[in-house]
>>> print(open('structure.txt').read())   # compact mmCIF, N, CA, C and O atoms
# COMPACT_ATOMS: atom_id res chain seq x y z
N MET A 1 -26.43 -34.61 21.63
CA MET A 1 -27.31 -33.93 20.71
C MET A 1 -26.49 -32.89 19.93
O MET A 1 -25.76 -32.10 20.51
N ARG A 2 -26.61 -32.91 18.62
CA ARG A 2 -25.87 -31.99 17.78
C ARG A 2 -26.66 -30.70 17.59
O ARG A 2 -27.86 -30.72 17.43
N THR A 3 -25.97 -29.60 17.60
CA THR A 3 -26.62 -28.32 17.39
C THR A 3 -26.62 -27.98 15.91
O THR A 3 -25.96 -28.65 15.10
N TRP A 4 -27.33 -26.95 15.56
CA TRP A 4 -27.40 -26.55 14.15
C TRP A 4 -26.03 -26.11 13.63
O TRP A 4 -25.72 -26.29 12.47
N LEU A 5 -25.20 -25.54 14.51
CA LEU A 5 -23.88 -25.11 14.09
C LEU A 5 -22.99 -26.31 13.76
O LEU A 5 -22.25 -26.30 12.77
N GLN A 6 -23.08 -27.36 14.56
CA GLN A 6 -22.29 -28.55 14.27
C GLN A 6 -22.75 -29.19 12.98
O GLN A 6 -21.93 -29.68 12.18
N ASN A 7 -24.05 -29.22 12.74
CA ASN A 7 -24.55 -29.79 11.49
C ASN A 7 -24.08 -28.97 10.28
O ASN A 7 -23.68 -29.53 9.26
N ALA A 8 -24.14 -27.67 10.40
CA ALA A 8 -23.70 -26.82 9.30
C ALA A 8 -22.21 -26.99 9.06
O ALA A 8 -21.75 -27.02 7.92
N TRP A 9 -21.43 -27.10 10.13
CA TRP A 9 -19.98 -27.25 9.98
C TRP A 9 -19.63 -28.58 9.34
O TRP A 9 -18.75 -28.66 8.49
N SER A 10 -20.32 -29.64 9.71
CA SER A 10 -19.99 -30.95 9.14
C SER A 10 -20.31 -31.00 7.65
O SER A 10 -19.63 -31.67 6.90
N ASN A 11 -21.34 -30.28 7.22
CA ASN A 11 -21.67 -30.27 5.79
C ASN A 11 -20.71 -29.38 4.99
O ASN A 11 -20.46 -29.64 3.83
N CYS A 12 -20.20 -28.35 5.62
CA CYS A 12 -19.37 -27.40 4.90
C CYS A 12 -17.88 -27.64 5.10
O CYS A 12 -17.06 -27.01 4.46
N SER A 13 -17.52 -28.53 6.00
CA SER A 13 -16.10 -28.68 6.33
C SER A 13 -15.28 -29.15 5.14
O SER A 13 -14.14 -28.71 4.95
N SER A 14 -15.82 -30.02 4.30
CA SER A 14 -15.04 -30.47 3.15
C SER A 14 -14.85 -29.35 2.13
O SER A 14 -13.79 -29.23 1.52
N VAL A 15 -15.86 -28.52 1.97
CA VAL A 15 -15.75 -27.39 1.04
C VAL A 15 -14.72 -26.39 1.57
O VAL A 15 -13.89 -25.89 0.82
N ILE A 16 -14.76 -26.13 2.86
CA ILE A 16 -13.81 -25.20 3.47
C ILE A 16 -12.40 -25.75 3.38
O ILE A 16 -11.45 -25.03 3.09
N LEU A 17 -12.25 -27.06 3.57
CA LEU A 17 -10.93 -27.67 3.47
C LEU A 17 -10.39 -27.56 2.05
O LEU A 17 -9.20 -27.24 1.86
N GLN A 18 -11.22 -27.77 1.05
CA GLN A 18 -10.77 -27.66 -0.33
C GLN A 18 -10.35 -26.23 -0.66
O GLN A 18 -9.34 -26.00 -1.31
N ARG A 19 -11.14 -25.26 -0.18
CA ARG A 19 -10.79 -23.86 -0.42
C ARG A 19 -9.50 -23.49 0.29
O ARG A 19 -8.68 -22.73 -0.22
N SER A 20 -9.32 -24.02 1.49
CA SER A 20 -8.10 -23.73 2.24
C SER A 20 -6.87 -24.28 1.53
O SER A 20 -5.82 -23.65 1.50
N VAL A 21 -7.00 -25.48 0.96
CA VAL A 21 -5.88 -26.08 0.24
C VAL A 21 -5.54 -25.24 -0.99
O VAL A 21 -4.37 -24.98 -1.28
N LYS A 22 -6.56 -24.78 -1.71
CA LYS A 22 -6.32 -23.94 -2.88
C LYS A 22 -5.66 -22.63 -2.48
O LYS A 22 -4.75 -22.14 -3.14
N PHE A 23 -6.13 -22.05 -1.38
CA PHE A 23 -5.56 -20.79 -0.90
C PHE A 23 -4.11 -20.99 -0.48
O PHE A 23 -3.24 -20.17 -0.78
N ALA A 24 -3.82 -22.08 0.21
CA ALA A 24 -2.46 -22.36 0.66
C ALA A 24 -1.54 -22.59 -0.54
O ALA A 24 -0.39 -22.14 -0.55
N ALA A 25 -2.03 -23.29 -1.55
CA ALA A 25 -1.23 -23.52 -2.75
C ALA A 25 -0.93 -22.20 -3.46
O ALA A 25 0.21 -21.96 -3.89
N GLY A 26 -1.91 -21.34 -3.56
CA GLY A 26 -1.69 -20.03 -4.17
C GLY A 26 -0.71 -19.20 -3.37
O GLY A 26 0.13 -18.48 -3.92
N GLY A 27 -0.81 -19.28 -2.05
CA GLY A 27 0.13 -18.57 -1.19
C GLY A 27 1.54 -19.07 -1.34
O GLY A 27 2.50 -18.28 -1.35
N MET A 28 1.72 -20.37 -1.45
CA MET A 28 3.05 -20.94 -1.63
C MET A 28 3.66 -20.51 -2.96
O MET A 28 4.85 -20.19 -3.05
N ILE A 29 2.85 -20.50 -4.01
CA ILE A 29 3.34 -20.06 -5.32
C ILE A 29 3.75 -18.60 -5.26
O ILE A 29 4.80 -18.21 -5.78
N SER A 30 2.94 -17.77 -4.61
CA SER A 30 3.29 -16.36 -4.47
C SER A 30 4.56 -16.17 -3.65
O SER A 30 5.40 -15.33 -3.97
N LEU A 31 4.70 -16.95 -2.59
CA LEU A 31 5.90 -16.86 -1.75
C LEU A 31 7.14 -17.26 -2.54
O LEU A 31 8.18 -16.59 -2.46
N LEU A 32 7.05 -18.32 -3.32
CA LEU A 32 8.20 -18.74 -4.12
C LEU A 32 8.54 -17.70 -5.19
O LEU A 32 9.73 -17.46 -5.46
N ALA A 33 7.55 -17.09 -5.78
CA ALA A 33 7.80 -16.05 -6.77
C ALA A 33 8.47 -14.84 -6.13
O ALA A 33 9.38 -14.23 -6.71
N ALA A 34 8.04 -14.49 -4.92
CA ALA A 34 8.66 -13.36 -4.22
C ALA A 34 10.10 -13.66 -3.84
O ALA A 34 10.98 -12.80 -3.97
N ILE A 35 10.36 -14.89 -3.41
CA ILE A 35 11.73 -15.27 -3.06
C ILE A 35 12.62 -15.24 -4.31
O ILE A 35 13.76 -14.78 -4.25
N ALA A 36 12.09 -15.71 -5.42
CA ALA A 36 12.87 -15.70 -6.66
C ALA A 36 13.15 -14.28 -7.12
O ALA A 36 14.23 -13.99 -7.65
N ALA A 37 12.21 -13.36 -6.90
CA ALA A 37 12.42 -11.97 -7.31
C ALA A 37 13.44 -11.28 -6.42
O ALA A 37 14.22 -10.45 -6.89
N VAL A 38 13.48 -11.64 -5.14
CA VAL A 38 14.41 -11.00 -4.21
C VAL A 38 15.81 -11.58 -4.36
O VAL A 38 16.80 -10.89 -4.15
N ALA A 39 15.91 -12.83 -4.75
CA ALA A 39 17.21 -13.51 -4.81
C ALA A 39 17.93 -13.21 -6.11
O ALA A 39 18.33 -14.10 -6.85
N GLN A 40 18.14 -11.93 -6.41
CA GLN A 40 18.87 -11.54 -7.60
C GLN A 40 20.35 -11.42 -7.25
O GLN A 40 20.70 -11.18 -6.10
N PRO A 41 21.21 -11.55 -8.24
CA PRO A 41 22.64 -11.38 -7.97
C PRO A 41 22.95 -9.97 -7.47
O PRO A 41 22.31 -9.01 -7.86
N ALA A 42 23.95 -9.85 -6.61
CA ALA A 42 24.30 -8.57 -6.02
C ALA A 42 24.88 -7.60 -7.05
O ALA A 42 24.86 -6.39 -6.84
N SER A 43 25.40 -8.10 -8.17
CA SER A 43 26.00 -7.22 -9.16
C SER A 43 24.94 -6.38 -9.88
O SER A 43 25.27 -5.36 -10.46
N GLU A 44 23.71 -6.81 -9.86
CA GLU A 44 22.64 -6.08 -10.51
C GLU A 44 21.86 -5.24 -9.50
O GLU A 44 20.66 -5.09 -9.62
N ALA A 45 22.52 -4.75 -8.49
CA ALA A 45 21.84 -3.97 -7.45
C ALA A 45 21.26 -2.71 -8.06
O ALA A 45 21.95 -1.98 -8.77
N GLY A 46 20.02 -2.47 -7.80
CA GLY A 46 19.35 -1.28 -8.30
C GLY A 46 18.34 -0.83 -7.27
O GLY A 46 18.38 -1.24 -6.12
N GLY A 47 17.45 -0.02 -7.69
CA GLY A 47 16.40 0.42 -6.79
C GLY A 47 16.54 1.87 -6.42
O GLY A 47 17.31 2.64 -7.01
N GLU A 48 15.79 2.25 -5.41
CA GLU A 48 15.71 3.64 -5.02
C GLU A 48 17.02 4.16 -4.43
O GLU A 48 17.31 5.35 -4.51
N ALA A 49 17.81 3.30 -3.82
CA ALA A 49 19.04 3.76 -3.18
C ALA A 49 20.05 4.26 -4.20
O ALA A 49 20.89 5.10 -3.89
N ASN A 50 19.98 3.77 -5.43
CA ASN A 50 20.97 4.15 -6.45
C ASN A 50 20.46 5.20 -7.43
O ASN A 50 21.11 5.47 -8.43
N LEU A 51 19.32 5.80 -7.14
CA LEU A 51 18.79 6.82 -8.04
C LEU A 51 19.62 8.09 -7.94
O LEU A 51 20.04 8.50 -6.86
N LYS A 52 19.85 8.71 -9.06
CA LYS A 52 20.58 9.98 -9.11
C LYS A 52 19.54 11.08 -9.25
O LYS A 52 18.95 11.27 -10.32
N LEU A 53 19.30 11.82 -8.18
CA LEU A 53 18.32 12.89 -8.20
C LEU A 53 18.99 14.22 -8.52
O LEU A 53 20.07 14.51 -8.02
N PRO A 54 18.35 15.04 -9.35
CA PRO A 54 18.94 16.35 -9.66
C PRO A 54 18.78 17.31 -8.48
O PRO A 54 17.95 17.10 -7.60
N GLU A 55 19.56 18.34 -8.47
CA GLU A 55 19.41 19.39 -7.48
C GLU A 55 18.07 20.09 -7.73
O GLU A 55 17.78 20.49 -8.86
N LEU A 56 17.26 20.18 -6.72
CA LEU A 56 15.90 20.69 -6.90
C LEU A 56 15.88 22.14 -7.38
O LEU A 56 15.00 22.53 -8.15
N SER A 57 16.81 22.93 -6.94
CA SER A 57 16.79 24.33 -7.34
C SER A 57 17.23 24.53 -8.80
O SER A 57 16.98 25.58 -9.39
N SER A 58 17.84 23.51 -9.41
CA SER A 58 18.27 23.65 -10.80
C SER A 58 17.18 23.22 -11.79
O SER A 58 17.31 23.48 -12.98
N VAL A 59 16.12 22.61 -11.32
CA VAL A 59 15.04 22.15 -12.19
C VAL A 59 13.91 23.17 -12.13
O VAL A 59 13.53 23.62 -11.06
N ARG A 60 13.38 23.56 -13.29
CA ARG A 60 12.32 24.57 -13.34
C ARG A 60 11.05 23.95 -13.89
O ARG A 60 11.08 23.08 -14.75
N PHE A 61 9.90 24.40 -13.36
CA PHE A 61 8.59 23.89 -13.76
C PHE A 61 7.71 25.05 -14.21
O PHE A 61 7.97 26.21 -13.90
N PHE A 62 6.63 24.70 -14.89
CA PHE A 62 5.64 25.67 -15.38
C PHE A 62 6.28 26.74 -16.26
O PHE A 62 6.10 27.94 -16.05
N GLY A 63 7.07 26.29 -17.21
CA GLY A 63 7.70 27.21 -18.15
C GLY A 63 8.76 28.08 -17.52
O GLY A 63 8.96 29.22 -17.95
N GLY A 64 9.42 27.61 -16.48
CA GLY A 64 10.47 28.37 -15.83
C GLY A 64 9.97 29.32 -14.76
O GLY A 64 10.72 30.12 -14.23
N ALA A 65 8.68 29.24 -14.43
CA ALA A 65 8.11 30.17 -13.45
C ALA A 65 8.52 29.84 -12.03
O ALA A 65 8.59 30.74 -11.18
N ILE A 66 8.77 28.57 -11.72
CA ILE A 66 9.06 28.17 -10.35
C ILE A 66 10.09 27.05 -10.37
O ILE A 66 10.05 26.18 -11.25
N ASP A 67 11.03 27.10 -9.42
CA ASP A 67 12.02 26.02 -9.37
C ASP A 67 11.49 24.86 -8.52
O ASP A 67 10.48 24.97 -7.85
N GLY A 68 12.20 23.74 -8.57
CA GLY A 68 11.74 22.52 -7.91
C GLY A 68 11.67 22.63 -6.41
O GLY A 68 10.77 22.07 -5.77
N HIS A 69 12.59 23.37 -5.80
CA HIS A 69 12.60 23.51 -4.34
C HIS A 69 11.36 24.27 -3.86
O HIS A 69 10.70 23.86 -2.90
N LYS A 70 11.02 25.36 -4.54
CA LYS A 70 9.83 26.13 -4.15
C LYS A 70 8.56 25.32 -4.40
O LYS A 70 7.60 25.38 -3.62
N LEU A 71 8.53 24.56 -5.49
CA LEU A 71 7.36 23.73 -5.78
C LEU A 71 7.17 22.67 -4.69
O LEU A 71 6.04 22.43 -4.24
N LEU A 72 8.26 22.08 -4.23
CA LEU A 72 8.19 21.11 -3.14
C LEU A 72 7.67 21.75 -1.86
O LEU A 72 6.82 21.19 -1.17
N LEU A 73 8.16 22.94 -1.54
CA LEU A 73 7.71 23.64 -0.33
C LEU A 73 6.23 24.02 -0.42
O LEU A 73 5.50 23.91 0.57
N TRP A 74 5.77 24.45 -1.59
CA TRP A 74 4.35 24.75 -1.76
C TRP A 74 3.51 23.49 -1.59
O TRP A 74 2.42 23.54 -1.00
N GLY A 75 3.98 22.36 -2.09
CA GLY A 75 3.24 21.11 -1.92
C GLY A 75 3.15 20.69 -0.46
O GLY A 75 2.09 20.24 0.01
N ILE A 76 4.24 20.87 0.28
CA ILE A 76 4.21 20.54 1.71
C ILE A 76 3.25 21.48 2.44
O ILE A 76 2.50 21.05 3.33
N LEU A 77 3.24 22.77 2.09
CA LEU A 77 2.33 23.73 2.71
C LEU A 77 0.88 23.35 2.45
O LEU A 77 0.04 23.40 3.37
N ILE A 78 0.57 22.93 1.24
CA ILE A 78 -0.80 22.51 0.91
C ILE A 78 -1.19 21.28 1.71
O ILE A 78 -2.32 21.17 2.21
N CYS A 79 -0.26 20.35 1.89
CA CYS A 79 -0.55 19.16 2.70
C CYS A 79 -0.82 19.53 4.15
O CYS A 79 -1.72 18.98 4.79
N ILE A 80 -0.04 20.47 4.70
CA ILE A 80 -0.26 20.90 6.08
C ILE A 80 -1.61 21.60 6.22
O ILE A 80 -2.34 21.37 7.20
N LEU A 81 -1.97 22.43 5.25
CA LEU A 81 -3.28 23.08 5.29
C LEU A 81 -4.41 22.05 5.20
O LEU A 81 -5.44 22.19 5.88
N GLY A 82 -4.24 21.02 4.41
CA GLY A 82 -5.24 19.95 4.34
C GLY A 82 -5.37 19.21 5.65
O GLY A 82 -6.47 18.84 6.06
N LEU A 83 -4.25 18.99 6.33
CA LEU A 83 -4.28 18.33 7.64
C LEU A 83 -5.02 19.19 8.65
O LEU A 83 -5.86 18.69 9.42
N ILE A 84 -4.74 20.50 8.65
CA ILE A 84 -5.44 21.40 9.57
C ILE A 84 -6.93 21.42 9.27
O ILE A 84 -7.77 21.39 10.19
N PHE A 85 -7.30 21.46 8.00
CA PHE A 85 -8.71 21.44 7.62
C PHE A 85 -9.39 20.16 8.10
O PHE A 85 -10.47 20.19 8.68
N GLY A 86 -8.74 19.02 7.88
CA GLY A 86 -9.32 17.75 8.31
C GLY A 86 -9.50 17.66 9.81
O GLY A 86 -10.53 17.18 10.30
N LEU A 87 -8.51 18.13 10.57
CA LEU A 87 -8.63 18.11 12.03
C LEU A 87 -9.72 19.05 12.52
O LEU A 87 -10.43 18.75 13.48
N THR A 88 -9.88 20.21 11.85
CA THR A 88 -10.93 21.15 12.22
C THR A 88 -12.31 20.54 11.99
O THR A 88 -13.19 20.61 12.85
N ILE A 89 -12.51 19.94 10.83
CA ILE A 89 -13.80 19.32 10.53
C ILE A 89 -14.07 18.17 11.49
O ILE A 89 -15.20 18.00 11.98
N TYR A 90 -13.06 17.38 11.81
CA TYR A 90 -13.23 16.27 12.74
C TYR A 90 -13.64 16.77 14.12
O TYR A 90 -14.56 16.22 14.73
N SER A 91 -12.97 17.81 14.61
CA SER A 91 -13.31 18.30 15.96
C SER A 91 -14.69 18.91 15.98
O SER A 91 -15.43 18.75 16.96
N ARG A 92 -15.09 19.63 14.93
CA ARG A 92 -16.45 20.18 14.88
C ARG A 92 -17.49 19.07 14.84
O ARG A 92 -18.53 19.16 15.49
N LEU A 93 -17.23 18.04 14.05
CA LEU A 93 -18.18 16.94 13.94
C LEU A 93 -18.29 16.17 15.25
O LEU A 93 -19.38 15.78 15.67
N LYS A 94 -17.17 16.00 15.92
CA LYS A 94 -17.17 15.26 17.18
C LYS A 94 -17.92 16.03 18.27
O LYS A 94 -18.55 15.43 19.15
N ASN A 95 -17.89 17.35 18.25
CA ASN A 95 -18.52 18.17 19.27
C ASN A 95 -19.96 18.53 18.95
O ASN A 95 -20.59 19.28 19.71
N MET A 96 -20.52 18.04 17.85
CA MET A 96 -21.91 18.34 17.52
C MET A 96 -22.85 17.58 18.45
O MET A 96 -22.53 16.49 18.93
N PRO A 97 -24.03 18.15 18.71
CA PRO A 97 -24.99 17.45 19.55
C PRO A 97 -25.55 16.23 18.82
O PRO A 97 -25.66 16.21 17.59
N VAL A 98 -25.89 15.20 19.60
CA VAL A 98 -26.45 13.97 19.02
C VAL A 98 -27.79 13.67 19.66
O VAL A 98 -28.15 14.24 20.70
N GLN A 99 -28.53 12.78 19.05
CA GLN A 99 -29.80 12.35 19.61
C GLN A 99 -29.56 11.59 20.91
O GLN A 99 -28.53 10.93 21.06
N PRO A 100 -30.48 11.63 21.87
CA PRO A 100 -30.27 10.92 23.14
C PRO A 100 -30.06 9.42 22.96
O PRO A 100 -29.25 8.83 23.67
N LEU A 101 -30.74 8.79 22.02
CA LEU A 101 -30.56 7.35 21.82
C LEU A 101 -29.18 7.03 21.25
O LEU A 101 -28.59 6.02 21.58
N ASP A 102 -28.68 7.91 20.40
CA ASP A 102 -27.34 7.69 19.84
C ASP A 102 -26.26 7.89 20.89
O ASP A 102 -25.22 7.24 20.84
N ALA A 103 -26.47 8.78 21.81
CA ALA A 103 -25.47 9.07 22.83
C ALA A 103 -25.30 7.90 23.80
O ALA A 103 -24.22 7.67 24.31
N ARG A 104 -26.36 7.16 24.04
CA ARG A 104 -26.28 6.03 24.96
C ARG A 104 -25.50 4.86 24.38
O ARG A 104 -24.93 4.07 25.10
N SER A 105 -25.46 4.73 23.07
CA SER A 105 -24.79 3.58 22.47
C SER A 105 -23.28 3.70 22.50
O SER A 105 -22.58 2.72 22.31
N CYS A 106 -22.76 4.87 22.73
CA CYS A 106 -21.30 5.04 22.72
C CYS A 106 -20.69 4.64 24.01
O CYS A 106 -20.74 4.95 25.03
>>> encode(input="structure.txt", output="structure tokens")
Amino acid sequence: MRTWLQNAWSNCSSVILQRSVKFAAGGMISLLAAIAAVAQPASEAGGEANLKLPELSSVRFFGGAIDGHKLLLWGILICILGLIFGLTIYSRLKNMPVQPLDARSC
């Protein structure tokens, strides 16, 4: 005796197979394009490793008000403060009281 799931699968299996073939073909094309992009000659080596970065303290921002090193440090400080804020809100939210029915589901 066939179940409803087997009946549904037999009707949809050809559609799923066609979609799978299209997906696999698209994946193969993408893979070949990625291989072609990576397989460049070594003489044209570029990328992030060859970037020439200026000395941060010699670059000035905001009309000369702050140098690049201080701006970087201020950005890192703001990120750390955001992390502390997020952890504080998370711990407060986690420690809030919940309804009895909600507590049982965890």
>>> atom_distance(input="structure.txt", atom1="CA of Cys79 (chain A)", atom2="atom O of Val59 (chain A)")
20.2 Å
>>> atom_distance(input="structure.txt", atom1="atom O of Phe23 (chain A)", atom2="atom O of Val38 (chain A)")
22.3 Å
>>> residues_around(input="structure.txt", residues="Leu56 (chain A)", least_positions_apart="4", cutoff="5 Å", atoms="all atoms listed in the file", output="list in words")
Asp67, Gly68 and His69 of chain A
>>> build_atoms(input="structure.txt", residues="region 57-68 of chain A", atoms="all heavy atoms", output="PDB file, in the frame of the given file")
ATOM      1  N   SER A  57      16.810  22.930  -6.940  1.00  0.00           N
ATOM      2  CA  SER A  57      16.790  24.330  -7.340  1.00  0.00           C
ATOM      3  C   SER A  57      17.230  24.530  -8.800  1.00  0.00           C
ATOM      4  O   SER A  57      16.980  25.580  -9.390  1.00  0.00           O
ATOM      5  CB  SER A  57      17.681  25.168  -6.415  1.00  0.00           C
ATOM      6  OG  SER A  57      19.003  24.687  -6.471  1.00  0.00           O
ATOM      7  N   SER A  58      17.840  23.510  -9.410  1.00  0.00           N
ATOM      8  CA  SER A  58      18.270  23.650 -10.800  1.00  0.00           C
ATOM      9  C   SER A  58      17.180  23.220 -11.790  1.00  0.00           C
ATOM     10  O   SER A  58      17.310  23.480 -12.980  1.00  0.00           O
ATOM     11  CB  SER A  58      19.528  22.816 -11.050  1.00  0.00           C
ATOM     12  OG  SER A  58      19.230  21.436 -10.934  1.00  0.00           O
ATOM     13  N   VAL A  59      16.120  22.610 -11.320  1.00  0.00           N
ATOM     14  CA  VAL A  59      15.040  22.150 -12.190  1.00  0.00           C
ATOM     15  C   VAL A  59      13.910  23.170 -12.130  1.00  0.00           C
ATOM     16  O   VAL A  59      13.530  23.620 -11.060  1.00  0.00           O
ATOM     17  CB  VAL A  59      14.546  20.760 -11.746  1.00  0.00           C
ATOM     18  CG1 VAL A  59      13.445  20.267 -12.657  1.00  0.00           C
ATOM     19  CG2 VAL A  59      15.676  19.766 -11.707  1.00  0.00           C
ATOM     20  N   ARG A  60      13.380  23.560 -13.290  1.00  0.00           N
ATOM     21  CA  ARG A  60      12.320  24.570 -13.340  1.00  0.00           C
ATOM     22  C   ARG A  60      11.050  23.950 -13.890  1.00  0.00           C
ATOM     23  O   ARG A  60      11.080  23.080 -14.750  1.00  0.00           O
ATOM     24  CB  ARG A  60      12.767  25.731 -14.197  1.00  0.00           C
ATOM     25  CG  ARG A  60      14.124  26.226 -13.758  1.00  0.00           C
ATOM     26  CD  ARG A  60      14.382  27.663 -13.607  1.00  0.00           C
ATOM     27  NE  ARG A  60      13.394  28.628 -13.336  1.00  0.00           N
ATOM     28  CZ  ARG A  60      13.282  29.257 -12.152  1.00  0.00           C
ATOM     29  NH1 ARG A  60      14.061  28.926 -11.158  1.00  0.00           N
ATOM     30  NH2 ARG A  60      12.413  30.203 -12.007  1.00  0.00           N
ATOM     31  N   PHE A  61       9.900  24.400 -13.360  1.00  0.00           N
ATOM     32  CA  PHE A  61       8.590  23.890 -13.760  1.00  0.00           C
ATOM     33  C   PHE A  61       7.710  25.050 -14.210  1.00  0.00           C
ATOM     34  O   PHE A  61       7.970  26.210 -13.900  1.00  0.00           O
ATOM     35  CB  PHE A  61       7.919  23.166 -12.586  1.00  0.00           C
ATOM     36  CG  PHE A  61       8.635  21.903 -12.182  1.00  0.00           C
ATOM     37  CD1 PHE A  61       9.576  21.927 -11.174  1.00  0.00           C
ATOM     38  CD2 PHE A  61       8.375  20.699 -12.814  1.00  0.00           C
ATOM     39  CE1 PHE A  61      10.238  20.781 -10.792  1.00  0.00           C
ATOM     40  CE2 PHE A  61       9.037  19.550 -12.452  1.00  0.00           C
ATOM     41  CZ  PHE A  61       9.968  19.583 -11.438  1.00  0.00           C
ATOM     42  N   PHE A  62       6.630  24.700 -14.890  1.00  0.00           N
ATOM     43  CA  PHE A  62       5.640  25.670 -15.380  1.00  0.00           C
ATOM     44  C   PHE A  62       6.280  26.740 -16.260  1.00  0.00           C
ATOM     45  O   PHE A  62       6.100  27.940 -16.050  1.00  0.00           O
ATOM     46  CB  PHE A  62       4.859  26.312 -14.223  1.00  0.00           C
ATOM     47  CG  PHE A  62       4.143  25.312 -13.357  1.00  0.00           C
ATOM     48  CD1 PHE A  62       4.483  25.177 -12.022  1.00  0.00           C
ATOM     49  CD2 PHE A  62       3.149  24.508 -13.877  1.00  0.00           C
ATOM     50  CE1 PHE A  62       3.846  24.250 -11.225  1.00  0.00           C
ATOM     51  CE2 PHE A  62       2.500  23.584 -13.086  1.00  0.00           C
ATOM     52  CZ  PHE A  62       2.847  23.454 -11.755  1.00  0.00           C
ATOM     53  N   GLY A  63       7.070  26.290 -17.210  1.00  0.00           N
ATOM     54  CA  GLY A  63       7.700  27.210 -18.150  1.00  0.00           C
ATOM     55  C   GLY A  63       8.760  28.080 -17.520  1.00  0.00           C
ATOM     56  O   GLY A  63       8.960  29.220 -17.950  1.00  0.00           O
ATOM     57  N   GLY A  64       9.420  27.610 -16.480  1.00  0.00           N
ATOM     58  CA  GLY A  64      10.470  28.370 -15.830  1.00  0.00           C
ATOM     59  C   GLY A  64       9.970  29.320 -14.760  1.00  0.00           C
ATOM     60  O   GLY A  64      10.720  30.120 -14.230  1.00  0.00           O
ATOM     61  N   ALA A  65       8.680  29.240 -14.430  1.00  0.00           N
ATOM     62  CA  ALA A  65       8.110  30.170 -13.450  1.00  0.00           C
ATOM     63  C   ALA A  65       8.520  29.840 -12.030  1.00  0.00           C
ATOM     64  O   ALA A  65       8.590  30.740 -11.180  1.00  0.00           O
ATOM     65  CB  ALA A  65       6.586  30.172 -13.581  1.00  0.00           C
ATOM     66  N   ILE A  66       8.770  28.570 -11.720  1.00  0.00           N
ATOM     67  CA  ILE A  66       9.060  28.170 -10.350  1.00  0.00           C
ATOM     68  C   ILE A  66      10.090  27.050 -10.370  1.00  0.00           C
ATOM     69  O   ILE A  66      10.050  26.180 -11.250  1.00  0.00           O
ATOM     70  CB  ILE A  66       7.767  27.737  -9.623  1.00  0.00           C
ATOM     71  CG1 ILE A  66       8.006  27.522  -8.129  1.00  0.00           C
ATOM     72  CG2 ILE A  66       7.154  26.517 -10.244  1.00  0.00           C
ATOM     73  CD1 ILE A  66       6.732  27.374  -7.334  1.00  0.00           C
ATOM     74  N   ASP A  67      11.030  27.100  -9.420  1.00  0.00           N
ATOM     75  CA  ASP A  67      12.020  26.020  -9.370  1.00  0.00           C
ATOM     76  C   ASP A  67      11.490  24.860  -8.520  1.00  0.00           C
ATOM     77  O   ASP A  67      10.480  24.970  -7.850  1.00  0.00           O
ATOM     78  CB  ASP A  67      13.369  26.526  -8.872  1.00  0.00           C
ATOM     79  CG  ASP A  67      13.344  26.986  -7.434  1.00  0.00           C
ATOM     80  OD1 ASP A  67      12.255  27.168  -6.883  1.00  0.00           O
ATOM     81  OD2 ASP A  67      14.437  27.154  -6.855  1.00  0.00           O
ATOM     82  N   GLY A  68      12.200  23.740  -8.570  1.00  0.00           N
ATOM     83  CA  GLY A  68      11.740  22.520  -7.910  1.00  0.00           C
ATOM     84  C   GLY A  68      11.670  22.630  -6.410  1.00  0.00           C
ATOM     85  O   GLY A  68      10.770  22.070  -5.770  1.00  0.00           O
TER      86      GLY A  68
END
